[in-house]
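Coordinates from start25.txt are shown below (compact mmCIF, C-alpha atoms and all ligand atoms).
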```txt
# COMPACT_ATOMS: atom_id res chain seq x y z
CA MET U 1 4.41 -135.79 -152.01
CA THR U 2 3.97 -139.29 -153.44
CA PHE U 3 6.99 -140.77 -155.14
CA ALA U 4 8.45 -144.05 -156.35
CA ALA U 5 12.03 -145.31 -156.16
CA ILE U 6 14.37 -147.48 -158.18
CA VAL U 7 17.24 -149.08 -156.25
CA VAL U 8 19.99 -150.37 -158.52
CA ALA U 9 21.50 -153.51 -156.98
CA ALA U 10 22.54 -155.33 -160.13
CA GLY U 11 26.28 -154.63 -160.04
CA SER U 12 28.88 -157.30 -159.40
CA GLY U 13 30.77 -155.05 -156.97
CA SER U 14 34.05 -156.77 -157.70
CA ARG U 15 36.17 -153.96 -156.21
CA ALA U 16 34.51 -154.37 -152.78
CA GLY U 17 35.18 -158.10 -152.84
CA GLY U 18 32.01 -159.11 -154.66
CA ASP U 19 28.29 -158.64 -154.11
CA LYS U 20 28.69 -155.66 -151.82
CA GLN U 21 24.99 -154.79 -151.87
CA TRP U 22 24.15 -158.09 -150.13
CA ARG U 23 26.91 -157.98 -147.52
CA PRO U 24 25.92 -157.30 -143.90
CA LEU U 25 26.36 -153.77 -142.62
CA GLY U 26 25.31 -152.91 -139.06
CA GLY U 27 23.43 -156.20 -138.76
CA LYS U 28 21.48 -156.13 -142.03
CA PRO U 29 22.25 -156.48 -145.73
CA ALA U 30 23.58 -153.25 -147.25
CA VAL U 31 20.68 -153.01 -149.74
CA ARG U 32 18.11 -153.12 -146.94
CA TRP U 33 19.29 -149.79 -145.49
CA SER U 34 18.29 -147.88 -148.65
CA VAL U 35 15.02 -149.70 -149.23
CA GLU U 36 13.95 -149.13 -145.61
CA ALA U 37 14.92 -145.44 -145.79
CA LEU U 38 12.89 -144.95 -148.99
CA LEU U 39 9.83 -146.79 -147.63
CA HIS U 40 9.98 -144.91 -144.30
CA ALA U 41 10.18 -141.62 -146.23
CA GLY U 42 6.92 -142.54 -147.97
CA ALA U 43 7.88 -144.23 -151.25
CA GLU U 44 4.73 -145.82 -152.70
CA GLU U 45 6.73 -148.47 -154.48
CA VAL U 46 10.39 -149.45 -154.59
CA VAL U 47 11.66 -151.38 -157.61
CA VAL U 48 14.91 -153.18 -156.78
CA VAL U 49 16.90 -153.98 -159.91
CA VAL U 50 18.98 -157.14 -159.43
CA ALA U 51 21.19 -159.39 -161.52
CA ALA U 52 19.49 -162.41 -163.08
CA ASP U 53 20.55 -164.57 -160.10
CA GLY U 54 19.66 -161.94 -157.50
CA PHE U 55 15.95 -162.62 -156.89
CA ALA U 56 16.39 -165.08 -154.01
CA ARG U 57 18.99 -162.84 -152.36
CA ALA U 58 16.66 -159.84 -152.61
CA ALA U 59 13.81 -161.87 -151.09
CA GLY U 60 16.06 -162.80 -148.17
CA ALA U 61 17.61 -159.36 -147.71
CA LEU U 62 14.26 -157.53 -147.82
CA ALA U 63 12.11 -160.10 -145.99
CA GLY U 64 9.27 -158.52 -144.03
CA LEU U 65 9.20 -155.25 -146.02
CA ASN U 66 6.18 -154.32 -148.14
CA ASP U 67 5.74 -152.31 -151.36
CA TRP U 68 8.92 -153.45 -153.09
CA ARG U 69 9.57 -155.88 -155.91
CA ALA U 70 12.61 -157.09 -157.78
CA VAL U 71 13.20 -156.93 -161.53
CA ALA U 72 16.14 -158.18 -163.57
CA GLY U 73 18.65 -155.56 -164.70
CA GLY U 74 20.96 -155.47 -167.69
CA ALA U 75 24.63 -155.48 -168.56
CA GLU U 76 25.10 -151.72 -168.09
CA ARG U 77 23.75 -149.43 -165.39
CA ALA U 78 21.63 -147.65 -168.04
CA ASP U 79 19.99 -150.98 -168.97
CA SER U 80 19.18 -151.61 -165.31
CA VAL U 81 17.59 -148.19 -164.80
CA ARG U 82 15.58 -148.68 -168.01
CA ALA U 83 14.31 -152.01 -166.63
CA GLY U 84 13.38 -150.29 -163.36
CA LEU U 85 11.50 -147.54 -165.20
CA GLU U 86 9.55 -150.10 -167.21
CA ALA U 87 8.51 -151.89 -164.04
CA LEU U 88 7.10 -148.75 -162.34
CA THR U 89 3.35 -148.55 -162.01
CA GLY U 90 1.41 -145.45 -160.93
CA ALA U 91 1.10 -141.97 -162.42
CA PRO U 92 3.61 -141.37 -165.24
CA ASP U 93 4.44 -137.86 -164.00
CA ARG U 94 5.18 -139.04 -160.47
CA PRO U 95 8.66 -138.26 -159.07
CA VAL U 96 11.05 -141.20 -159.08
CA LEU U 97 14.24 -141.40 -157.02
CA VAL U 98 16.97 -143.52 -158.60
CA HIS U 99 19.43 -144.77 -156.00
CA ASP U 100 22.48 -147.03 -155.91
CA ALA U 101 22.29 -149.83 -153.34
CA ALA U 102 26.02 -149.33 -152.74
CA ARG U 103 25.18 -146.07 -150.89
CA PRO U 104 23.32 -147.53 -147.91
CA LEU U 105 23.36 -144.65 -145.39
CA LEU U 106 20.49 -142.69 -146.92
CA SER U 107 18.77 -140.18 -144.65
CA ALA U 108 15.17 -138.97 -144.73
CA GLU U 109 16.57 -135.44 -144.86
CA VAL U 110 18.29 -135.98 -148.24
CA ILE U 111 15.13 -137.56 -149.67
CA ARG U 112 13.09 -134.56 -148.48
CA ARG U 113 15.53 -132.04 -149.98
CA LEU U 114 15.43 -133.79 -153.37
CA LEU U 115 11.63 -133.96 -153.52
CA GLU U 116 11.34 -130.30 -152.52
CA SER U 117 13.85 -129.20 -155.19
CA LEU U 118 12.36 -131.16 -158.08
CA PRO U 119 9.36 -128.94 -159.05
CA GLY U 120 10.39 -126.50 -161.78
CA ALA U 121 13.39 -128.58 -162.90
CA ASP U 122 13.85 -131.82 -164.85
CA GLY U 123 15.87 -133.37 -162.09
CA ALA U 124 17.60 -132.85 -158.75
CA ILE U 125 20.60 -134.80 -157.48
CA ALA U 126 22.33 -135.17 -154.13
CA ALA U 127 25.87 -133.80 -154.47
CA LEU U 128 28.71 -132.44 -152.35
CA PRO U 129 30.96 -129.51 -153.27
CA VAL U 130 34.56 -130.61 -153.75
CA SER U 131 36.57 -129.46 -150.75
CA ASP U 132 39.97 -131.03 -151.46
CA THR U 133 42.48 -129.34 -153.73
CA LEU U 134 42.41 -131.10 -157.08
CA LYS U 135 45.50 -132.13 -159.03
CA ARG U 136 45.76 -133.56 -162.52
CA GLY U 137 48.64 -135.88 -163.34
CA SER U 138 49.84 -139.47 -163.28
CA ASP U 139 53.01 -139.87 -161.18
CA ARG U 140 53.59 -136.11 -160.88
CA ILE U 141 51.40 -133.03 -160.96
CA GLU U 142 50.70 -131.58 -164.39
CA ALA U 143 48.19 -129.02 -163.21
CA THR U 144 46.26 -127.79 -160.19
CA VAL U 145 42.59 -127.82 -161.14
CA ASP U 146 40.31 -125.04 -159.98
CA ARG U 147 37.79 -126.77 -157.73
CA GLY U 148 35.37 -123.82 -157.89
CA GLY U 149 31.97 -125.01 -159.14
CA LEU U 150 32.92 -128.69 -158.95
CA TRP U 151 30.63 -131.18 -157.19
CA ARG U 152 30.75 -134.89 -156.38
CA ALA U 153 27.53 -136.48 -157.63
CA GLN U 154 25.80 -138.93 -155.29
CA THR U 155 22.51 -140.75 -155.40
CA PRO U 156 19.55 -140.57 -154.97
CA GLN U 157 18.78 -138.58 -158.09
CA ALA U 158 15.19 -137.40 -158.50
CA PHE U 159 13.27 -136.94 -161.77
CA ARG U 160 9.73 -136.94 -162.99
CA ALA U 161 9.32 -140.52 -164.19
CA ASP U 162 8.07 -139.52 -167.67
CA ARG U 163 10.95 -137.03 -168.08
CA LEU U 164 13.54 -139.68 -167.21
CA ARG U 165 11.87 -142.18 -169.56
CA ALA U 166 12.00 -139.62 -172.39
CA ALA U 167 15.70 -138.96 -171.72
CA TYR U 168 16.56 -142.66 -171.74
CA ALA U 169 14.59 -143.06 -174.99
CA VAL U 170 17.12 -140.82 -176.77
CA TRP U 171 20.20 -142.01 -174.85
CA PRO U 172 22.44 -143.93 -177.29
CA GLU U 173 21.99 -147.69 -176.92
CA GLY U 174 25.09 -149.22 -175.37
CA ALA U 175 26.56 -145.92 -174.19
CA ALA U 176 27.68 -146.02 -170.55
CA ALA U 177 26.10 -143.58 -168.09
CA THR U 178 27.57 -143.48 -164.60
CA ASP U 179 24.55 -141.56 -163.33
CA ASP U 180 21.05 -140.64 -164.48
CA ALA U 181 21.58 -136.89 -164.44
CA ALA U 182 24.00 -137.32 -167.37
CA VAL U 183 21.19 -138.94 -169.38
CA VAL U 184 18.80 -136.06 -168.66
CA GLU U 185 21.55 -133.46 -169.32
CA HIS U 186 22.21 -135.14 -172.68
CA ASP U 187 18.53 -134.63 -173.51
CA GLY U 188 18.80 -130.90 -172.70
CA GLY U 189 17.23 -131.15 -169.25
CA THR U 190 17.96 -128.91 -166.26
CA VAL U 191 19.14 -130.75 -163.17
CA ARG U 192 19.48 -129.07 -159.79
CA LEU U 193 22.34 -129.69 -157.36
CA VAL U 194 21.04 -130.42 -153.86
CA GLN U 195 23.14 -130.72 -150.70
CA GLY U 196 24.04 -134.40 -150.31
CA ASP U 197 25.44 -136.18 -147.26
CA PRO U 198 29.01 -137.37 -146.58
CA ARG U 199 27.47 -140.50 -145.01
CA LEU U 200 26.09 -141.39 -148.45
CA MET U 201 29.57 -142.69 -149.25
CA LYS U 202 29.70 -145.38 -151.92
CA LEU U 203 30.87 -148.83 -150.83
CA THR U 204 33.56 -149.41 -153.43
CA TYR U 205 36.54 -151.00 -151.66
CA PRO U 206 36.50 -153.62 -148.87
CA GLU U 207 37.74 -151.04 -146.33
CA ASP U 208 34.70 -148.87 -147.07
CA PHE U 209 32.58 -151.29 -145.02
CA ALA U 210 34.61 -150.52 -141.88
CA MET U 211 34.17 -146.80 -142.57
CA ALA U 212 30.40 -147.19 -143.06
CA GLU U 213 30.11 -149.27 -139.86
CA ALA U 214 31.77 -146.42 -137.96
CA LEU U 215 29.26 -143.92 -139.41
CA ILE U 216 26.17 -145.86 -138.34
CA ALA U 217 24.43 -144.15 -135.44
CA ARG U 218 24.41 -146.38 -132.37
CA GLN U 219 22.62 -146.35 -129.08
CA THR U 220 24.13 -147.49 -125.80
CA ARG U 221 22.02 -149.80 -123.67
CA VAL U 222 22.42 -151.51 -120.32
CA GLY U 223 21.00 -154.84 -119.17
CA GLN U 224 21.09 -156.53 -115.79
CA GLY U 225 20.73 -160.14 -114.69
CA PHE U 226 20.39 -162.00 -111.41
CA ASP U 227 20.53 -165.70 -110.59
CA ALA U 228 20.76 -168.00 -107.58
CA HIS U 229 21.37 -171.72 -107.13
CA ARG U 230 21.15 -174.00 -104.09
CA TRP U 231 24.20 -175.76 -102.61
CA GLY U 232 24.18 -179.59 -102.62
CA PRO U 233 26.59 -182.50 -102.29
CA GLY U 234 29.59 -182.36 -104.59
CA ASP U 235 33.31 -181.65 -104.86
CA SER U 236 33.55 -178.73 -107.31
CA VAL U 237 31.55 -175.76 -108.56
CA TRP U 238 31.45 -173.89 -111.89
CA LEU U 239 31.54 -170.09 -111.54
CA CYS U 240 31.99 -167.69 -114.48
CA GLY U 241 33.15 -170.54 -116.71
CA VAL U 242 35.85 -171.77 -114.28
CA GLU U 243 35.68 -175.01 -112.28
CA ILE U 244 36.71 -174.55 -108.64
CA ALA U 245 37.39 -177.36 -106.16
CA HIS U 246 34.89 -177.01 -103.28
CA ASP U 247 33.21 -179.23 -100.68
CA GLN U 248 29.79 -178.61 -102.25
CA THR U 249 28.36 -177.99 -105.70
CA LEU U 250 25.50 -175.85 -107.03
CA ILE U 251 22.36 -177.74 -107.97
CA GLY U 252 20.64 -176.94 -111.24
CA HIS U 253 19.39 -178.32 -114.52
CA SER U 254 22.55 -177.23 -116.35
CA ASP U 255 25.98 -176.90 -114.71
CA ALA U 256 24.34 -174.25 -112.44
CA ASP U 257 26.98 -171.59 -113.19
CA ALA U 258 25.04 -168.69 -111.65
CA GLY U 259 27.65 -166.16 -112.82
CA LEU U 260 27.22 -167.12 -116.48
CA HIS U 261 23.44 -167.31 -116.09
CA ALA U 262 23.22 -163.80 -114.62
CA LEU U 263 25.51 -162.50 -117.35
CA THR U 264 23.49 -164.20 -120.12
CA ASP U 265 20.34 -162.54 -118.75
CA ALA U 266 22.13 -159.18 -118.64
CA VAL U 267 23.04 -159.42 -122.37
CA LEU U 268 19.54 -160.60 -123.32
CA GLY U 269 18.04 -157.88 -121.11
CA ALA U 270 20.01 -155.13 -122.82
CA MET U 271 18.56 -156.29 -126.15
CA GLY U 272 15.01 -156.68 -124.79
CA ASP U 273 15.28 -160.30 -125.93
CA GLY U 274 13.64 -162.24 -123.09
CA ASP U 275 15.59 -164.28 -120.56
CA ILE U 276 17.70 -167.42 -120.41
CA GLY U 277 14.64 -169.58 -119.65
CA ASP U 278 12.95 -168.44 -122.89
CA HIS U 279 15.94 -169.49 -124.98
CA PHE U 280 16.92 -172.62 -123.01
CA PRO U 281 13.80 -174.00 -121.28
CA PRO U 282 14.74 -176.01 -118.13
CA THR U 283 12.05 -178.51 -119.18
CA ASP U 284 14.16 -179.42 -122.23
CA PRO U 285 16.32 -182.50 -121.39
CA LYS U 286 18.86 -181.23 -123.96
CA TRP U 287 20.23 -178.73 -121.39
CA LYS U 288 20.63 -181.25 -118.52
CA GLY U 289 24.17 -180.81 -117.17
CA ALA U 290 25.00 -178.45 -120.06
CA ALA U 291 28.08 -176.20 -119.88
CA SER U 292 26.65 -172.71 -119.43
CA ASP U 293 29.18 -170.93 -121.67
CA GLN U 294 26.99 -171.92 -124.65
CA PHE U 295 24.08 -169.90 -123.19
CA LEU U 296 26.25 -166.80 -123.06
CA ILE U 297 27.68 -167.44 -126.55
CA HIS U 298 24.11 -167.75 -127.87
CA ALA U 299 23.16 -164.37 -126.38
CA VAL U 300 26.24 -162.69 -127.84
CA GLU U 301 25.53 -164.25 -131.26
CA ARG U 302 22.00 -162.83 -131.17
CA LEU U 303 23.52 -159.45 -130.36
CA ALA U 304 25.92 -159.71 -133.32
CA ALA U 305 23.03 -160.70 -135.62
CA ARG U 306 21.41 -157.35 -134.79
CA GLY U 307 24.59 -155.50 -135.64
CA GLY U 308 25.33 -154.87 -131.97
CA ARG U 309 28.42 -155.31 -129.86
CA LEU U 310 29.21 -155.80 -126.22
CA VAL U 311 31.05 -152.90 -124.55
CA ASN U 312 31.74 -154.21 -121.02
CA VAL U 313 30.40 -156.63 -118.42
CA ASP U 314 30.49 -156.58 -114.61
CA VAL U 315 29.60 -159.63 -112.49
CA THR U 316 29.22 -159.81 -108.71
CA LEU U 317 29.21 -163.24 -107.01
CA ILE U 318 27.51 -163.34 -103.59
CA CYS U 319 28.59 -166.16 -101.27
CA GLU U 320 30.39 -166.90 -97.98
CA ARG U 321 32.43 -169.69 -99.58
CA PRO U 322 34.34 -170.60 -101.71
CA LYS U 323 36.75 -167.67 -101.64
CA VAL U 324 36.41 -166.08 -105.09
CA LYS U 325 39.45 -163.82 -105.06
CA PRO U 326 42.07 -166.52 -105.87
CA HIS U 327 40.03 -167.43 -108.99
CA ARG U 328 38.99 -163.96 -110.07
CA GLN U 329 41.67 -163.46 -112.69
CA ALA U 330 40.98 -166.88 -114.27
CA MET U 331 37.25 -166.01 -114.38
CA ARG U 332 37.93 -162.67 -116.06
CA GLU U 333 40.22 -164.31 -118.59
CA ARG U 334 37.64 -167.01 -119.38
CA LEU U 335 34.84 -164.43 -119.78
CA ALA U 336 37.06 -162.22 -121.97
CA GLU U 337 37.73 -165.27 -124.14
CA ILE U 338 34.03 -166.23 -124.43
CA LEU U 339 32.96 -162.65 -125.10
CA ASN U 340 35.93 -161.62 -127.26
CA LEU U 341 36.44 -158.55 -125.06
CA PRO U 342 39.65 -156.97 -123.74
CA LEU U 343 40.39 -157.90 -120.14
CA ASP U 344 39.73 -154.38 -118.84
CA ALA U 345 36.15 -154.62 -120.17
CA VAL U 346 35.48 -157.67 -118.00
CA SER U 347 35.00 -157.35 -114.24
CA VAL U 348 34.34 -160.11 -111.69
CA LYS U 349 33.75 -159.08 -108.09
CA ALA U 350 32.59 -160.94 -104.99
CA THR U 351 30.99 -160.14 -101.70
CA THR U 352 29.62 -161.99 -98.69
CA MET U 353 26.30 -161.11 -97.11
CA GLU U 354 27.84 -161.00 -93.60
CA LYS U 355 26.16 -164.35 -92.73
CA MET U 356 22.73 -162.85 -93.48
CA GLY U 357 20.08 -164.29 -95.76
CA PHE U 358 20.24 -167.47 -97.84
CA THR U 359 23.78 -166.89 -99.06
CA GLY U 360 24.88 -166.00 -95.53
CA ARG U 361 23.44 -169.26 -94.20
CA GLU U 362 25.21 -171.03 -97.11
CA GLU U 363 21.96 -172.40 -98.50
CA GLY U 364 22.91 -171.11 -101.91
CA LEU U 365 25.00 -168.73 -104.03
CA ALA U 366 23.71 -165.69 -105.93
CA ALA U 367 25.14 -163.72 -108.85
CA SER U 368 24.32 -160.31 -110.25
CA ALA U 369 25.56 -158.95 -113.60
CA ILE U 370 25.40 -155.87 -115.77
CA ALA U 371 26.20 -155.70 -119.50
CA THR U 372 26.61 -152.57 -121.63
CA ILE U 373 25.92 -152.98 -125.35
CA GLU U 374 25.76 -150.85 -128.49
CA LEU U 375 23.01 -151.39 -131.07
CA PRO U 376 22.38 -149.63 -134.38
CA ALA U 377 19.97 -146.79 -133.54
MG MG S 1 20.53 -170.32 -113.17
```

Write the structure described by the file as structure tokens, please.
Amino acid sequence: MTFAAIVVAAGSGSRAGGDKQWRPLGGKPAVRWSVEALLHAGAEEVVVVVAADGFARAAGALAGLNDWRAVAGGAERADSVRAGLEALTGAPDRPVLVHDAARPLLSAEVIRRLLESLPGADGAIAALPVSDTLKRGSDRIEATVDRGGLWRAQTPQAFRADRLRAAYAVWPEGAAATDDAAVVEHDGGTVRLVQGDPRLMKLTYPEDFAMAEALIARQTRVGQGFDAHRWGPGDSVWLCGVEIAHDQTLIGHSDADAGLHALTDAVLGAMGDGDIGDHFPPTDPKWKGAASDQFLIHAVERLAARGGRLVNVDVTLICERPKVKPHRQAMRERLAEILNLPLDAVSVKATTMEKMGFTGREEGLAASAIATIELPA
């Protein structure tokens, strides 16, 4: 079924600390979740209603998506929905889903249920039956309210576009409507109640963002990295972000910290985001002698930008000398600091190769690392 959508993102959101629809949630602006869900479900066009100063923010938040455009809303929600309806193109009897950008966790399933329930009615809204016991009162209970037949209205709310236009045409100018069903009810329309979704919670207060983050489905991924550097003349070596006095040093373009290099590749690998050489080409003189913690910080920042987080890391250093054990705790503490992880999520281990191979002959040192991450699914 073809349909259009109006996403209302014109509110000031002062209770959530301002501009909640533009704030990042799971690595992308809150408004983008809804617009993507509507487009993926097959919306032919999505009209995003923004405040007069919201056009640039919408362009940034929705960059790379097609079939949407922004229009300016009004002072009241009803004015904004009217502006969205005016901006719709396409068949006048096409279904339109009106949705609040402050409810980002919109599923394809809810959209499907609404579209299937619309024929034969003037509207269909996502709603949840009230399950808590309801009390009326101020500082003490005056009455227990029968919750039978009571529902919490959510969005999206689906209507035939021409039916919703007709209802708004007779809605009193300046009267506040907290949802669109009320406008259609006022015009004598029949509106169906369709099973909503608890995840369609409205971002109202600042703490709602933490709740919504916890509700976002995540996938666990693992990445691995390996690195080796050659020994050369020197008097200290950097390993896992710690400088250790030694009778040789590792030779490399940067500080040659093989532990941090392997770990950086593990984080990048878990994201499918190339390797350390792609991000910091050894041909670039900028990285000559560079402290390698910045490579790892860069990888973790790219992970955060995608709404991901590091779960744990495990590094193995492979060398005959220097002895790693006396420095292991300092290495773990330094990595935990760089990665902002608890100490028990950071492991540094070491092994020799029993005098075999290039590390056994002390030609060089090798490091292997694994990183576990979580990304929005
Ligand atoms: Mg290296």

Rows by chain and residue number, chain U within 7 Å of ligand MG 1 (chain S), shortest pair, all atoms listed in the file, as CSV:
```
residue,atom,partner,partner_atom,distance
U:Asp227,CA,S:MG1,MG,5.3
U:Ala228,CA,S:MG1,MG,6.1
U:His229,CA,S:MG1,MG,6.3
U:Gly252,CA,S:MG1,MG,6.9
U:Ala256,CA,S:MG1,MG,5.5
U:Asp257,CA,S:MG1,MG,6.6
U:Ala258,CA,S:MG1,MG,5.0
U:His261,CA,S:MG1,MG,5.1
```

Residues of region 61-107 of chain U at most 12 Å from region 19-36 of chain U: nearest atom pair and distance in Å, all atoms listed in the file, as JSON lines:
```
{"residue": "U:Ala61", "atom": "CA", "partner": "U:Pro29", "partner_atom": "CA", "distance": 5.8}
{"residue": "U:Leu62", "atom": "CA", "partner": "U:Arg32", "partner_atom": "CA", "distance": 5.9}
{"residue": "U:Ala63", "atom": "CA", "partner": "U:Arg32", "partner_atom": "CA", "distance": 9.3}
{"residue": "U:Gly64", "atom": "CA", "partner": "U:Glu36", "partner_atom": "CA", "distance": 10.6}
{"residue": "U:Leu65", "atom": "CA", "partner": "U:Glu36", "partner_atom": "CA", "distance": 7.8}
{"residue": "U:Asn66", "atom": "CA", "partner": "U:Glu36", "partner_atom": "CA", "distance": 9.7}
{"residue": "U:Asp67", "atom": "CA", "partner": "U:Val35", "partner_atom": "CA", "distance": 9.9}
{"residue": "U:Trp68", "atom": "CA", "partner": "U:Val35", "partner_atom": "CA", "distance": 8.1}
{"residue": "U:Arg69", "atom": "CA", "partner": "U:Val35", "partner_atom": "CA", "distance": 10.6}
{"residue": "U:Ala70", "atom": "CA", "partner": "U:Val35", "partner_atom": "CA", "distance": 11.6}
{"residue": "U:Leu97", "atom": "CA", "partner": "U:Ser34", "partner_atom": "CA", "distance": 11.3}
{"residue": "U:Val98", "atom": "CA", "partner": "U:Ser34", "partner_atom": "CA", "distance": 10.9}
{"residue": "U:His99", "atom": "CA", "partner": "U:Ser34", "partner_atom": "CA", "distance": 8.1}
{"residue": "U:Asp100", "atom": "CA", "partner": "U:Ser34", "partner_atom": "CA", "distance": 8.4}
{"residue": "U:Ala101", "atom": "CA", "partner": "U:Val31", "partner_atom": "CA", "distance": 5.1}
{"residue": "U:Ala102", "atom": "CA", "partner": "U:Gln21", "partner_atom": "CA", "distance": 5.6}
{"residue": "U:Arg103", "atom": "CA", "partner": "U:Ser34", "partner_atom": "CA", "distance": 7.5}
{"residue": "U:Pro104", "atom": "CA", "partner": "U:Ser34", "partner_atom": "CA", "distance": 5.1}
{"residue": "U:Leu105", "atom": "CA", "partner": "U:Trp33", "partner_atom": "CA", "distance": 6.6}
{"residue": "U:Leu106", "atom": "CA", "partner": "U:Ser34", "partner_atom": "CA", "distance": 5.9}
{"residue": "U:Ser107", "atom": "CA", "partner": "U:Ser34", "partner_atom": "CA", "distance": 8.7}
```

For the residues in that selection, give me C-alpha atoms as an mmCIF file, in the coordinates of the input.
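That gives us out-v7.cif:
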```cif
data_model
loop_
_atom_site.group_PDB
_atom_site.id
_atom_site.type_symbol
_atom_site.label_atom_id
_atom_site.label_comp_id
_atom_site.auth_asym_id
_atom_site.auth_seq_id
_atom_site.Cartn_x
_atom_site.Cartn_y
_atom_site.Cartn_z
ATOM 1 C CA ALA U 61 17.610 -159.360 -147.710
ATOM 2 C CA LEU U 62 14.260 -157.530 -147.820
ATOM 3 C CA ALA U 63 12.110 -160.100 -145.990
ATOM 4 C CA GLY U 64 9.270 -158.520 -144.030
ATOM 5 C CA LEU U 65 9.200 -155.250 -146.020
ATOM 6 C CA ASN U 66 6.180 -154.320 -148.140
ATOM 7 C CA ASP U 67 5.740 -152.310 -151.360
ATOM 8 C CA TRP U 68 8.920 -153.450 -153.090
ATOM 9 C CA ARG U 69 9.570 -155.880 -155.910
ATOM 10 C CA ALA U 70 12.610 -157.090 -157.780
ATOM 11 C CA LEU U 97 14.240 -141.400 -157.020
ATOM 12 C CA VAL U 98 16.970 -143.520 -158.600
ATOM 13 C CA HIS U 99 19.430 -144.770 -156.000
ATOM 14 C CA ASP U 100 22.480 -147.030 -155.910
ATOM 15 C CA ALA U 101 22.290 -149.830 -153.340
ATOM 16 C CA ALA U 102 26.020 -149.330 -152.740
ATOM 17 C CA ARG U 103 25.180 -146.070 -150.890
ATOM 18 C CA PRO U 104 23.320 -147.530 -147.910
ATOM 19 C CA LEU U 105 23.360 -144.650 -145.390
ATOM 20 C CA LEU U 106 20.490 -142.690 -146.920
ATOM 21 C CA SER U 107 18.770 -140.180 -144.650
#
```

Set the distance at 8 Å and use all atoms listed in the file: which residues neighbour Ala43 (chain U) once local chain neighbours fewer than 2 positions away are removed? I'd like the list as a PDB file with C-alpha atoms, keeping the file's coordinate frame.
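Just written: result35.pdb:
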```
ATOM      1  CA  THR U   2       3.970-139.290-153.440  1.00  0.00           C
ATOM      2  CA  PHE U   3       6.990-140.770-155.140  1.00  0.00           C
ATOM      3  CA  ALA U   4       8.450-144.050-156.350  1.00  0.00           C
ATOM      4  CA  ALA U   5      12.030-145.310-156.160  1.00  0.00           C
ATOM      5  CA  LEU U  38      12.890-144.950-148.990  1.00  0.00           C
ATOM      6  CA  LEU U  39       9.830-146.790-147.630  1.00  0.00           C
ATOM      7  CA  HIS U  40       9.980-144.910-144.300  1.00  0.00           C
ATOM      8  CA  ALA U  41      10.180-141.620-146.230  1.00  0.00           C
ATOM      9  CA  GLU U  45       6.730-148.470-154.480  1.00  0.00           C
ATOM     10  CA  VAL U  46      10.390-149.450-154.590  1.00  0.00           C
TER      11      VAL U  46
END
```

Check your understanding: In terms of the shortest atom-to-atom distance over all atoms listed in the file, which of U:Arg140, U:Arg192, U:His246, U:Arg309 is closest to Arg321 (chain U)?
Key ->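 Among U:Arg140, U:Arg192, U:His246, U:Arg309, it is U:His246 that comes nearest to Arg321 (chain U).
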
Point to revise | Best match for closeness to Ala304 (chain U) among U:Asp187, U:Met271, U:Glu116, U:Thr359, counting all atoms listed in the file | key: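 For Ala304 (chain U), the nearest of the candidates is U:Met271.
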
Exercise for review: For CA of Asp278 (chain U) and CA of Gly308 (chain U), determine how far apart the two atoms are, in Å to one decimal place.
Suggested key: 20.5 Å

Point to revise | Pairwise distance for CA of Ala367 (chain U) and CA of Ala291 (chain U), rounded to one decimal in Å | key: 16.9 Å
